[in-house]
>>> print(open('final-v8.cif').read())   # mmCIF, C-alpha atoms
data_my_file
loop_
_atom_site.label_atom_id
_atom_site.label_comp_id
_atom_site.auth_asym_id
_atom_site.auth_seq_id
_atom_site.Cartn_x
_atom_site.Cartn_y
_atom_site.Cartn_z
CA MET A 1 39.10 -41.60 55.28
CA ASN A 2 37.87 -39.84 58.41
CA LYS A 3 34.47 -38.25 58.91
CA ILE A 4 35.73 -34.68 58.32
CA GLY A 5 37.18 -35.67 54.93
CA LEU A 6 33.86 -37.12 53.77
CA ILE A 7 32.03 -33.96 54.78
CA VAL A 8 34.52 -31.81 52.79
CA ILE A 9 34.07 -34.00 49.69
CA LEU A 10 30.25 -33.77 49.94
CA ILE A 11 30.42 -29.98 50.21
CA ILE A 12 32.63 -29.76 47.11
CA VAL A 13 30.27 -32.03 45.16
CA LEU A 14 27.25 -29.90 46.14
CA ILE A 15 29.02 -26.69 45.10
CA LEU A 16 30.02 -28.12 41.70
CA THR A 17 26.50 -29.45 41.13
CA SER A 18 24.98 -26.04 41.91
CA ILE A 19 27.34 -24.31 39.50
CA SER A 20 26.47 -26.78 36.71
CA ILE A 21 22.74 -26.28 37.25
CA TYR A 22 23.13 -22.48 37.19
CA ILE A 23 25.08 -22.55 33.92
CA PHE A 24 22.53 -24.88 32.29
CA VAL A 25 19.55 -22.74 33.34
CA SER A 26 21.30 -19.56 32.23
CA LYS A 27 21.85 -20.96 28.74
CA GLU A 28 18.21 -22.01 28.52
CA GLU A 29 16.95 -18.58 29.52
CA LYS A 30 19.26 -16.62 27.17
CA PRO A 31 18.86 -17.62 23.49
CA TYR A 32 21.33 -14.92 22.51
CA ASN A 33 24.88 -15.50 23.81
CA GLU A 34 27.82 -13.70 22.27
CA ASN A 35 30.02 -16.77 22.87
CA ASN A 36 27.53 -19.15 21.32
CA ASN A 37 28.00 -20.14 17.66
CA ASN A 38 24.21 -20.29 17.23
CA ILE A 39 23.60 -16.59 17.95
CA ASN A 40 20.80 -14.60 16.34
CA THR A 41 22.52 -12.96 13.35
CA ASN A 42 19.72 -10.47 12.76
CA THR A 43 21.34 -7.06 13.34
CA ASN A 44 17.98 -5.33 13.40
CA PRO A 45 15.79 -6.63 16.27
CA ASN A 46 12.67 -5.24 14.59
CA GLU A 47 13.36 -6.63 11.14
CA ASN A 48 11.75 -10.04 11.66
CA ASN A 49 8.74 -8.43 13.29
CA ASN A 50 8.46 -6.02 10.38
CA GLU A 51 8.70 -8.87 7.90
CA GLU A 52 5.96 -10.79 9.71
CA GLU A 53 3.82 -7.65 9.84
CA SER A 54 4.56 -7.09 6.16
CA LEU A 55 3.23 -10.51 5.26
CA ASN A 56 0.16 -10.10 7.44
CA ASN A 57 -0.74 -6.69 6.08
CA ASN A 58 0.33 -7.16 2.46
CA ASP A 59 2.92 -4.43 3.10
CA ILE A 60 5.78 -5.32 0.80
CA PHE A 61 7.97 -2.49 2.10
CA GLY A 62 7.52 -3.43 5.77
CA MET A 63 11.01 -4.74 6.43
CA TYR A 64 12.59 -1.48 5.20
CA TYR A 65 10.85 1.01 7.48
CA ASP A 66 13.59 0.96 10.12
CA LYS A 67 16.23 1.88 7.55
CA ALA A 68 13.94 4.54 6.11
CA ASN A 69 13.37 6.01 9.55
CA GLU A 70 17.12 6.26 10.19
CA LEU A 71 17.60 8.06 6.88
CA LEU A 72 14.70 10.39 7.64
CA LYS A 73 16.40 11.59 10.82
CA ASN A 74 19.08 13.33 8.72
CA MET A 75 16.62 15.13 6.43
CA ASN A 76 15.41 18.71 6.85
CA ILE A 77 11.86 19.86 6.15
CA ASP A 78 12.63 21.03 2.60
CA GLU A 79 14.17 17.68 1.68
CA LYS A 80 11.20 15.83 3.12
CA ILE A 81 8.73 17.91 1.10
CA SER A 82 10.77 17.52 -2.08
CA GLN A 83 10.72 13.73 -1.73
CA THR A 84 6.93 13.79 -2.23
CA LEU A 85 7.24 15.37 -5.68
CA LEU A 86 7.51 13.52 -8.99
CA VAL A 87 8.41 16.47 -11.19
CA ARG A 88 7.98 16.90 -14.92
CA TYR A 89 11.53 16.90 -16.32
CA PRO A 90 12.47 20.61 -16.72
CA ASP A 91 15.20 22.58 -18.45
CA ASN A 92 18.33 22.74 -16.29
CA ALA A 93 17.06 19.60 -14.57
CA LYS A 94 20.42 18.74 -13.02
CA ASP A 95 20.89 22.13 -11.35
CA ILE A 96 17.29 22.20 -10.12
CA LEU A 97 17.56 18.68 -8.68
CA GLU A 98 20.80 19.52 -6.91
CA LYS A 99 18.97 22.36 -5.17
CA TYR A 100 15.61 20.76 -4.40
CA GLN A 101 16.32 17.00 -4.14
CA PHE A 102 13.00 15.77 -5.60
CA GLY A 103 11.64 12.29 -5.14
CA GLY A 104 11.93 11.84 -8.89
CA TYR A 105 11.44 13.09 -12.43
CA VAL A 106 8.82 12.16 -15.03
CA PHE A 107 10.10 12.10 -18.63
CA PHE A 108 8.04 12.64 -21.78
CA GLU A 109 8.64 11.87 -25.44
CA LYS A 110 10.45 15.11 -26.22
CA ASP A 111 13.04 14.36 -23.53
CA PHE A 112 14.24 11.37 -25.56
CA THR A 113 13.80 12.68 -29.11
CA ASN A 114 16.82 11.88 -31.33
CA LYS A 115 18.92 10.85 -28.32
CA THR A 116 21.12 7.76 -28.44
CA LYS A 117 21.08 5.12 -25.73
CA GLN A 118 24.34 6.49 -24.34
CA GLU A 119 22.98 10.02 -24.24
CA VAL A 120 19.91 8.92 -22.30
CA GLN A 121 22.04 6.94 -19.88
CA ASN A 122 24.32 9.93 -19.37
CA MET A 123 21.33 12.22 -18.82
CA ILE A 124 19.95 10.01 -16.07
CA ASN A 125 23.32 9.16 -14.50
CA GLU A 126 24.09 12.87 -14.14
CA LEU A 127 20.81 13.33 -12.28
CA GLN A 128 21.51 10.43 -9.93
CA GLU A 129 24.99 11.79 -9.20
CA VAL A 130 23.67 15.09 -7.81
CA SER A 131 20.86 13.56 -5.78
CA LYS A 132 21.56 12.72 -2.13
CA ILE A 133 18.80 10.12 -2.31
CA PRO A 134 18.51 8.24 -5.64
CA ILE A 135 15.57 9.52 -7.64
CA LEU A 136 12.64 7.78 -9.27
CA THR A 137 12.90 8.05 -13.05
CA ALA A 138 9.44 7.62 -14.54
CA VAL A 139 7.77 7.36 -17.93
CA ASP A 140 4.32 6.49 -19.29
CA GLU A 141 5.34 3.60 -21.52
CA GLU A 142 1.91 2.05 -21.97
CA GLY A 143 2.36 0.94 -25.56
CA GLY A 144 0.17 1.96 -28.49
CA ILE A 145 -0.85 5.61 -28.49
CA VAL A 146 1.08 6.42 -25.27
CA ASN A 147 4.79 5.76 -25.75
CA ARG A 148 7.58 8.02 -24.52
CA ILE A 149 10.78 6.13 -25.33
CA SER A 150 9.91 3.62 -28.02
CA THR A 151 8.95 6.26 -30.58
CA ASN A 152 12.70 6.89 -30.86
CA PRO A 153 14.22 4.24 -33.20
CA ASN A 154 17.64 4.88 -31.63
CA LEU A 155 16.30 3.37 -28.40
CA VAL A 156 13.76 0.77 -29.57
CA GLU A 157 13.51 -0.76 -33.05
CA THR A 158 9.72 -0.42 -33.21
CA PRO A 159 7.26 1.30 -30.85
CA PHE A 160 5.76 -0.89 -28.16
CA LEU A 161 2.37 -2.34 -29.05
CA SER A 162 -0.78 -1.54 -27.10
CA SER A 163 -2.25 -4.06 -24.70
CA GLN A 164 -5.09 -4.68 -27.17
CA GLN A 165 -2.66 -5.46 -29.98
CA LEU A 166 -0.60 -7.75 -27.77
CA TYR A 167 -3.66 -9.62 -26.53
CA LYS A 168 -5.03 -10.15 -30.02
CA GLN A 169 -1.68 -11.33 -31.40
CA GLY A 170 -0.50 -13.59 -28.61
CA GLY A 171 -2.67 -13.42 -25.52
CA PHE A 172 -1.17 -13.23 -22.06
CA ASP A 173 2.00 -15.06 -23.08
CA LEU A 174 2.90 -12.20 -25.40
CA ILE A 175 1.88 -9.61 -22.79
CA LYS A 176 4.25 -11.27 -20.31
CA LYS A 177 7.12 -11.31 -22.82
CA ASP A 178 6.44 -7.71 -23.77
CA THR A 179 6.54 -6.60 -20.13
CA ILE A 180 9.87 -8.34 -19.53
CA ASN A 181 11.36 -6.97 -22.75
CA LYS A 182 10.07 -3.46 -22.09
CA SER A 183 11.41 -3.53 -18.55
CA LYS A 184 14.87 -4.56 -19.71
CA ILE A 185 15.00 -1.71 -22.21
CA LEU A 186 13.80 0.81 -19.63
CA SER A 187 16.18 -0.44 -16.97
CA ASP A 188 19.16 -0.37 -19.33
CA LEU A 189 18.41 3.30 -19.98
CA GLY A 190 18.14 4.10 -16.28
CA ILE A 191 14.34 4.24 -16.05
CA ASN A 192 13.05 2.60 -12.87
CA LEU A 193 9.32 3.42 -12.84
CA ASN A 194 6.70 2.83 -15.51
CA LEU A 195 3.40 4.66 -15.02
CA ALA A 196 1.54 1.73 -16.54
CA PRO A 197 -0.40 -0.53 -17.00
CA VAL A 198 -3.81 0.98 -17.63
CA VAL A 199 -6.18 -1.47 -15.94
CA ASP A 200 -9.37 0.49 -16.48
CA VAL A 201 -12.21 -1.65 -17.81
CA SER A 202 -13.60 -0.49 -21.15
CA THR A 203 -15.29 -2.47 -23.91
CA ASN A 204 -16.84 0.48 -25.74
CA PRO A 205 -14.68 1.95 -28.56
CA ASN A 206 -16.38 5.30 -27.99
CA ASP A 207 -14.96 5.63 -24.47
CA TYR A 208 -12.12 8.14 -24.09
CA MET A 209 -9.91 5.57 -22.35
CA TYR A 210 -10.78 2.58 -24.57
CA ASN A 211 -7.70 2.62 -26.82
CA ARG A 212 -5.40 2.66 -23.79
CA THR A 213 -7.08 -0.35 -22.18
CA ILE A 214 -6.98 -4.02 -23.10
CA GLY A 215 -10.56 -3.51 -24.33
CA GLN A 216 -11.94 -6.58 -22.56
CA ASP A 217 -14.26 -7.34 -19.66
CA THR A 218 -13.47 -7.26 -15.96
CA THR A 219 -12.22 -10.83 -15.76
CA ILE A 220 -9.74 -10.53 -18.63
CA THR A 221 -8.63 -7.07 -17.49
CA SER A 222 -7.96 -8.53 -14.03
CA THR A 223 -5.79 -11.25 -15.52
CA TYR A 224 -3.99 -8.59 -17.53
CA ALA A 225 -3.21 -6.60 -14.37
CA LYS A 226 -1.94 -9.71 -12.60
CA THR A 227 0.17 -10.77 -15.59
CA VAL A 228 1.94 -7.43 -15.99
CA ILE A 229 2.73 -7.01 -12.29
CA GLU A 230 4.03 -10.56 -11.92
CA ALA A 231 6.13 -10.26 -15.07
CA SER A 232 7.62 -6.97 -13.89
CA LYS A 233 9.05 -8.41 -10.69
CA ASN A 234 12.86 -8.73 -10.56
CA THR A 235 13.23 -6.47 -13.61
CA ARG A 236 14.34 -3.38 -11.61
CA VAL A 237 11.37 -1.45 -13.00
CA SER A 238 8.25 -0.83 -10.91
CA TYR A 239 4.83 -0.68 -12.57
CA THR A 240 1.81 1.41 -11.63
CA LEU A 241 -1.84 0.38 -11.77
CA LYS A 242 -4.00 3.20 -13.13
CA HIS A 243 -6.45 5.02 -13.04
CA PHE A 244 -8.05 4.21 -9.69
CA PRO A 245 -10.95 3.70 -8.99
CA GLY A 246 -11.49 2.96 -12.69
CA TYR A 247 -11.98 5.42 -15.52
CA GLY A 248 -15.19 4.00 -16.94
CA ASN A 249 -16.68 6.05 -19.78
CA ASN A 250 -15.58 9.41 -18.38
CA VAL A 251 -14.24 12.24 -20.52
CA ASP A 252 -10.65 13.44 -20.80
CA THR A 253 -9.50 15.05 -17.52
CA HIS A 254 -6.51 16.66 -19.22
CA THR A 255 -8.77 19.45 -20.43
CA SER A 256 -11.75 19.63 -18.08
CA SER A 257 -13.41 18.10 -15.04
CA SER A 258 -15.17 14.76 -15.36
CA LEU A 259 -18.15 13.52 -13.37
CA ASP A 260 -18.58 9.79 -12.83
CA ASN A 261 -22.22 8.99 -12.05
CA ARG A 262 -21.95 5.21 -11.79
CA THR A 263 -23.18 3.48 -8.65
CA LEU A 264 -20.71 2.29 -6.04
CA GLU A 265 -21.91 -1.25 -6.60
CA ASP A 266 -21.14 -0.97 -10.31
CA ILE A 267 -17.65 0.32 -9.57
CA LYS A 268 -16.96 -2.41 -7.01
CA THR A 269 -18.21 -5.12 -9.35
CA ASN A 270 -16.78 -3.88 -12.63
CA ASP A 271 -13.80 -1.61 -11.96
CA LEU A 272 -12.09 -2.63 -8.73
CA PRO A 273 -11.29 -6.30 -9.50
CA PRO A 274 -8.35 -5.50 -11.85
CA PHE A 275 -6.80 -3.29 -9.17
CA GLU A 276 -7.40 -5.97 -6.58
CA ALA A 277 -5.74 -8.57 -8.82
CA GLY A 278 -2.72 -6.35 -9.35
CA ILE A 279 -2.44 -5.61 -5.64
CA LYS A 280 -2.53 -9.31 -4.78
CA ALA A 281 0.30 -9.76 -7.29
CA LYS A 282 2.32 -7.27 -5.19
CA ALA A 283 1.83 -4.08 -7.20
CA GLU A 284 3.99 -1.36 -5.67
CA ALA A 285 2.12 1.70 -6.88
CA VAL A 286 -1.38 2.87 -7.84
CA LEU A 287 -2.18 6.12 -9.66
CA ILE A 288 -5.41 7.98 -8.85
CA SER A 289 -7.57 9.72 -11.46
CA HIS A 290 -9.03 13.22 -11.27
CA ASN A 291 -12.59 12.03 -11.96
CA ILE A 292 -15.22 13.12 -9.46
CA VAL A 293 -16.88 9.85 -8.45
CA ASN A 294 -20.31 10.87 -7.23
CA SER A 295 -21.10 7.66 -5.38
CA ILE A 296 -17.91 7.93 -3.30
CA ASP A 297 -17.22 11.66 -2.93
CA LYS A 298 -19.31 14.18 -4.86
CA ASN A 299 -17.25 17.14 -3.67
CA ASN A 300 -13.69 16.20 -4.60
CA PRO A 301 -11.78 14.68 -7.53
CA ALA A 302 -10.69 11.12 -6.71
CA SER A 303 -7.08 12.27 -6.42
CA LEU A 304 -8.02 14.65 -3.58
CA SER A 305 -10.63 12.47 -1.90
CA GLU A 306 -9.95 10.77 1.43
CA SER A 307 -12.90 8.48 0.78
CA VAL A 308 -11.44 7.22 -2.49
CA HIS A 309 -8.08 6.61 -0.83
CA LYS A 310 -9.71 4.69 2.01
CA LEU A 311 -11.47 2.53 -0.56
CA LEU A 312 -8.03 1.67 -1.91
CA THR A 313 -6.21 1.18 1.39
CA ASP A 314 -8.99 -0.27 3.55
CA ASP A 315 -11.20 -2.22 1.17
CA LEU A 316 -8.45 -3.40 -1.21
CA ASP A 317 -5.77 -3.62 1.51
CA PHE A 318 -3.24 -1.64 -0.51
CA ASN A 319 -0.15 -0.60 1.45
CA GLY A 320 2.06 0.62 -1.38
CA ILE A 321 2.68 4.00 -2.97
CA ILE A 322 -0.29 6.14 -4.04
CA ILE A 323 0.42 8.63 -6.83
CA THR A 324 -1.73 11.48 -8.12
CA ASP A 325 -2.34 11.94 -11.79
CA ALA A 326 -0.57 15.13 -12.94
CA ILE A 327 -1.92 18.05 -10.91
CA ASP A 328 -1.56 20.52 -13.79
CA MET A 329 -4.34 18.77 -15.72
CA GLY A 330 -7.44 20.79 -16.59
CA ALA A 331 -9.73 18.85 -14.26
CA ILE A 332 -8.18 20.37 -11.12
CA THR A 333 -6.37 23.55 -12.20
CA ASN A 334 -9.01 25.73 -10.53
CA ILE A 335 -8.54 24.08 -7.14
CA GLU A 336 -6.32 25.94 -4.67
CA ASN A 337 -3.63 24.27 -2.56
CA VAL A 338 -3.79 21.10 -4.61
CA SER A 339 -0.48 19.65 -3.40
CA SER A 340 -1.22 19.92 0.31
CA LYS A 341 -4.74 18.60 -0.26
CA ALA A 342 -3.25 15.67 -2.17
CA LEU A 343 -1.04 14.73 0.77
CA LYS A 344 -3.88 15.11 3.26
CA ALA A 345 -6.09 12.88 1.10
CA GLY A 346 -3.58 10.03 1.31
CA ASN A 347 -1.19 10.35 -1.64
CA HIS A 348 2.54 9.78 -1.28
CA LEU A 349 3.77 11.17 -4.61
CA ILE A 350 2.45 14.19 -6.49
CA ILE A 351 3.09 14.50 -10.21
CA THR A 352 3.69 18.19 -10.81
CA THR A 353 5.21 20.65 -13.26
CA ASN A 354 5.19 23.75 -11.05
CA TYR A 355 7.41 22.33 -8.29
CA LEU A 356 7.90 25.69 -6.55
CA GLU A 357 4.17 26.11 -6.14
CA SER A 358 3.90 22.57 -4.76
CA ILE A 359 6.78 23.07 -2.32
CA ASN A 360 5.40 26.37 -1.03
CA ASP A 361 1.89 24.96 -0.71
CA ILE A 362 3.01 21.96 1.35
CA LYS A 363 5.40 24.02 3.45
CA ASN A 364 2.66 26.52 4.29
CA ALA A 365 0.36 23.65 5.28
CA VAL A 366 3.05 22.28 7.61
CA ASN A 367 3.75 25.71 9.12
CA ASN A 368 0.03 26.26 9.69
CA ASN A 369 -0.34 22.80 11.30
CA GLU A 370 -2.70 21.66 8.53
CA ILE A 371 -0.20 18.86 7.94
CA SER A 372 1.74 17.73 11.00
CA ILE A 373 5.42 16.80 10.87
CA GLU A 374 4.39 13.30 11.90
CA GLU A 375 2.01 13.03 8.93
CA LEU A 376 4.68 14.28 6.53
CA ASP A 377 7.26 11.90 8.00
CA LYS A 378 4.88 8.98 7.53
CA VAL A 379 4.58 9.78 3.82
CA VAL A 380 8.32 10.23 3.32
CA ILE A 381 9.18 7.03 5.21
CA LYS A 382 6.94 5.13 2.80
CA ILE A 383 8.76 6.64 -0.20
CA LEU A 384 12.19 5.91 1.28
CA ALA A 385 11.18 2.35 2.17
CA TRP A 386 10.08 1.88 -1.45
CA LYS A 387 13.46 3.08 -2.66
CA TYR A 388 15.16 0.58 -0.34
CA TYR A 389 12.84 -2.15 -1.62
CA LYS A 390 13.70 -1.21 -5.21
CA GLY A 391 17.43 -1.35 -4.48
CA LEU A 392 17.94 2.34 -5.15
CA LEU A 393 19.19 2.80 -1.57
#
>>> encode(input="final-v8.cif", output="structure tokens")
Amino acid sequence: MNKIGLIVILIIVLILTSISIYIFVSKEEKPYNENNNNINTNTNPNENNNEEESLNNNDIFGMYYDKANELLKNMNIDEKISQTLLVRYPDNAKDILEKYQFGGYVFFEKDFTNKTKQEVQNMINELQEVSKIPILTAVDEEGGIVNRISTNPNLVETPFLSSQQLYKQGGFDLIKKDTINKSKILSDLGINLNLAPVVDVSTNPNDYMYNRTIGQDTTITSTYAKTVIEASKNTRVSYTLKHFPGYGNNVDTHTSSSLDNRTLEDIKTNDLPPFEAGIKAKAEAVLISHNIVNSIDKNNPASLSESVHKLLTDDLDFNGIIITDAIDMGAITNIENVSSKALKAGNHLIITTNYLESINDIKNAVNNNEISIEELDKVVIKILAWKYYKGLL
């Protein structure tokens, strides 16, 4: 072979070698290749980051915020405001829901009286059918003196026992079984949110809240909170820790205002641990009382206090849904613009009977720039993300 032939062969070899090196480096630098069988199958580039952030911040809805944000883009201002309302089930509920698209309804005992299981299922299915976004269907099924469904023998053979009765009869094993059984009954009926358990600490039978509590000290009440939340998981029913920051020995806020004069140290030591235990067990929702807690905010009921909400979100690292106690209760009926104040304080859901008043109040606050669109969107995204998490969306 002559000299020119050797030179040609060397040039070809160099060209082929360069091409091979380029292809190898390109594959190393590009982990995602549409022709590679080992591609990243995550269709949402932010989902893994959200999940990691969720784990770091105890935010159990974190991986659903992107979906919630996409849904939010198609909602008008009225629909956004309506999502923040958990409305007392009214007459003509289906027609009203079709018009206002609430976040959900709260049902009371009279709404189930004498109904069969099929009738309750039909009632709730009809509501879901007219709602663009599936609604929350809520009850206070605490057991004992506060039962909404189980007082109807057509739905439950015997009323659910109170936490005190369960604890005395079978300890935490029976409480766990009761939670699972209760959740199955509620879910079968179409109920997806229980405004329970009561995790207030009370050992004094003279306290207003005593009969609705487990009636034990902070340690046992904390285990109770943890047990109920853990047992409720995978049952399709969410549970709500209440009444933050702890009811103590305060009077009934259904009829009048209540002033809590305990020290902050006492509250942190005695009342917060059950909430903290429930939050660590991945509680999705916390309900705030209307008590005025002097040591935290002497000017506002807890439900309307930014300081109380910061105690919950900052100190206890709660990133779930914050719900007001019903805003038509006597403790706050003399306060103007309650609904907009509730949102500004840090709540996501407002339990209300007068939904028109709540809608107008919030809408006026938005129009007057007292609540920005960004602040409202942040609240609604949290609610929508919860509904994705729950499997409603």
>>> resolve_selection(input="final-v8.cif", expression="the PyMOL selection byres ((chain A and resi 149) around 12)", output="PyMOL selection string")
chain A and resi 107-117+120+138-144+146-148+150-160+182-183+185-187+189-191+194
>>> resolve_selection(input="final-v8.cif", expression="the PyMOL selection byres ((chain A and resi 65) around 10)", output="MDAnalysis selection string")
chainID A and resid 46:47 50 61:64 66:71 378 381:386 388:389
>>> resolve_selection(input="final-v8.cif", expression="the PyMOL selection byres ((chain A and resi 377) around 10)", output="PyMOL selection string")
chain A and resi 69+72-73+77+80-81+372-376+378-383
>>> atom_distance(input="final-v8.cif", atom1="atom CA of A:Glu284", atom2="atom CA of A:Thr352")
20.2 Å
>>> atom_distance(input="final-v8.cif", atom1="atom CA of A:His309", atom2="atom CA of A:Ile350")
14.2 Å
>>> atom_distance(input="final-v8.cif", atom1="atom CA of A:Phe172", atom2="atom CA of A:Tyr224")
7.1 Å
>>> residues_around(input="final-v8.cif", residues="A:Gly215", least_positions_apart="3", cutoff="9 Å", atoms="all atoms listed in the file", output="list in words")
Ser163, Gln164, Asp200, Val201, Ser202, Thr203, Asn204, Pro205, Tyr210, Asn211, Arg212 and Thr221 of chain A
